[in-house]
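Here is the structure we will look at, set down as structure tokens.
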Amino acid sequence: MAVDAAPGHDVLQPGMSDPVEQSWCHHIVQGRLPELIRDAGPLIESRQAPYTPLQIGTHLSVPVMRPDGSVYGTLCTFAFHVTRRYPMGTWQGFATSPSSLRPV
């Protein structure tokens, strides 16, 4: 796992993990949540999204697929506030071409 965060917002660290059923990315891969969540507030309040101690406004998670069609993992990003800026096209390109990704 790699983490890129603005100074003072480093709430996630490499090596951190949660039980898979509490992972938003897992719920997205399973089809229980959409890849792009523009405003997570209503999903959190209605408990459609798993509990998280993080303040999530906008969340984007794109499954990374292996050549055989199975899921390798996900690329995820989120903002602490609701935002309209999200690189969906770029992220989908990475997810469909995992050979372009390199280990960190």
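Ligands are numbered from 1 in the order shown, residues from 1 within each chain, and chains are lettered A, B, ... in the order they appear in the structure tokens.
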May I have all residues of stretch 6-64 of chain A that DSSP, computed from the backbone, assigns to alpha helix (DSSP H), given as a short mmCIF file (atom, residue, chain, number, x, y, z; two decimals) with N, CA and C atoms, in the first residue's frame?
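The resulting file, part-v4.cif, is reproduced below:
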```cif
data_model
loop_
_atom_site.label_atom_id
_atom_site.label_comp_id
_atom_site.auth_asym_id
_atom_site.auth_seq_id
_atom_site.Cartn_x
_atom_site.Cartn_y
_atom_site.Cartn_z
N TRP A 24 -14.25 0.02 2.52
CA TRP A 24 -15.09 0.61 1.48
C TRP A 24 -14.72 0.02 0.13
N CYS A 25 -13.42 -0.17 -0.11
CA CYS A 25 -12.99 -0.73 -1.40
C CYS A 25 -13.56 -2.12 -1.62
N HIS A 26 -13.62 -2.93 -0.57
CA HIS A 26 -14.21 -4.27 -0.69
C HIS A 26 -15.69 -4.16 -1.07
N HIS A 27 -16.40 -3.25 -0.44
CA HIS A 27 -17.82 -3.06 -0.75
C HIS A 27 -18.01 -2.60 -2.20
N ILE A 28 -17.09 -1.81 -2.70
CA ILE A 28 -17.16 -1.34 -4.09
C ILE A 28 -16.91 -2.51 -5.04
N VAL A 29 -15.88 -3.31 -4.77
CA VAL A 29 -15.60 -4.48 -5.62
C VAL A 29 -16.79 -5.44 -5.62
N GLY A 41 -21.66 11.51 2.85
CA GLY A 41 -22.47 11.78 4.03
C GLY A 41 -23.75 10.96 4.12
N PRO A 42 -24.61 10.98 3.09
CA PRO A 42 -25.85 10.21 3.17
C PRO A 42 -25.62 8.70 3.32
N LEU A 43 -24.58 8.17 2.68
CA LEU A 43 -24.30 6.73 2.81
C LEU A 43 -23.80 6.37 4.20
N ILE A 44 -23.04 7.28 4.80
CA ILE A 44 -22.55 7.06 6.15
C ILE A 44 -23.70 7.15 7.14
N GLU A 45 -24.53 8.18 7.00
CA GLU A 45 -25.66 8.38 7.91
C GLU A 45 -26.66 7.23 7.85
#
```
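With only C-alpha atoms as the atoms that count, the residue of A:Ser70, A:Thr77, A:Thr52, A:Thr83 with the shortest distance to A:Ser23 is A:Thr52.
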Fill in: Nearest to A:Arg32 by atom-to-atom distance, counting only C-alpha atoms, from A:Val71, A:Cys76, A:Arg85, A:Arg47
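Of the candidates, the smallest distance to A:Arg32 is held by A:Arg47.
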Using only C-alpha atoms, which residue out of A:Glu35, A:Val20, A:Arg84, A:Ala40 lies closest to A:Leu54?
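Closest residue, counting only C-alpha atoms: A:Ala40.
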Set the distance at 7 Å and use only C-alpha atoms: which residues neighbour A:Ile56 once local chain neighbours fewer than 6 positions away are removed? I'd like the list as a ChimeraX atom specification. /A:40,78-81
Requested write-out: C-alpha atoms of the selected residues, as a PDB file, in the first residue's frame:
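Below you can see out-v6.pdb, which holds the result:
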```pdb
ATOM      1  CA  ALA A  40     -20.423  10.091   1.300  1.00  0.00           C
ATOM      2  CA  PHE A  78     -10.819  10.352  -0.899  1.00  0.00           C
ATOM      3  CA  ALA A  79     -11.242  13.927   0.216  1.00  0.00           C
ATOM      4  CA  PHE A  80     -12.221  15.095   3.684  1.00  0.00           C
ATOM      5  CA  HIS A  81     -14.843  17.309   2.041  1.00  0.00           C
TER       6      HIS A  81
END
```
Would you please give, as a PDB file with C-alpha atoms, in the first residue's frame, all residues of stretch 13-97 of chain A that DSSP assigns to strand (DSSP E or B) based on the backbone?
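Output saved as selection-v5.pdb:
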```
ATOM      1  CA  LEU A  36     -17.496   7.204  -7.302  1.00  0.00           C
ATOM      2  CA  ILE A  37     -19.197   8.543  -4.183  1.00  0.00           C
ATOM      3  CA  THR A  58     -15.865  12.343  -1.743  1.00  0.00           C
ATOM      4  CA  HIS A  59     -14.509   8.819  -2.310  1.00  0.00           C
ATOM      5  CA  LEU A  60     -13.249   7.182  -5.500  1.00  0.00           C
ATOM      6  CA  SER A  61     -12.173   3.540  -5.755  1.00  0.00           C
ATOM      7  CA  VAL A  62     -11.434   1.735  -9.000  1.00  0.00           C
ATOM      8  CA  PRO A  63     -10.827  -2.038  -9.103  1.00  0.00           C
ATOM      9  CA  VAL A  64      -7.505  -3.085 -10.667  1.00  0.00           C
ATOM     10  CA  MET A  65      -8.133  -6.115 -12.863  1.00  0.00           C
ATOM     11  CA  VAL A  71      -9.617  -8.423  -9.160  1.00  0.00           C
ATOM     12  CA  TYR A  72      -6.032  -7.705  -8.106  1.00  0.00           C
ATOM     13  CA  GLY A  73      -6.882  -4.822  -5.778  1.00  0.00           C
ATOM     14  CA  THR A  74      -8.114  -1.252  -5.937  1.00  0.00           C
ATOM     15  CA  LEU A  75      -6.849   2.281  -6.413  1.00  0.00           C
ATOM     16  CA  CYS A  76      -8.572   4.510  -3.905  1.00  0.00           C
ATOM     17  CA  THR A  77      -8.625   8.182  -3.061  1.00  0.00           C
ATOM     18  CA  PHE A  78     -10.819  10.352  -0.899  1.00  0.00           C
ATOM     19  CA  ALA A  79     -11.242  13.927   0.216  1.00  0.00           C
TER      20      ALA A  79
END
```
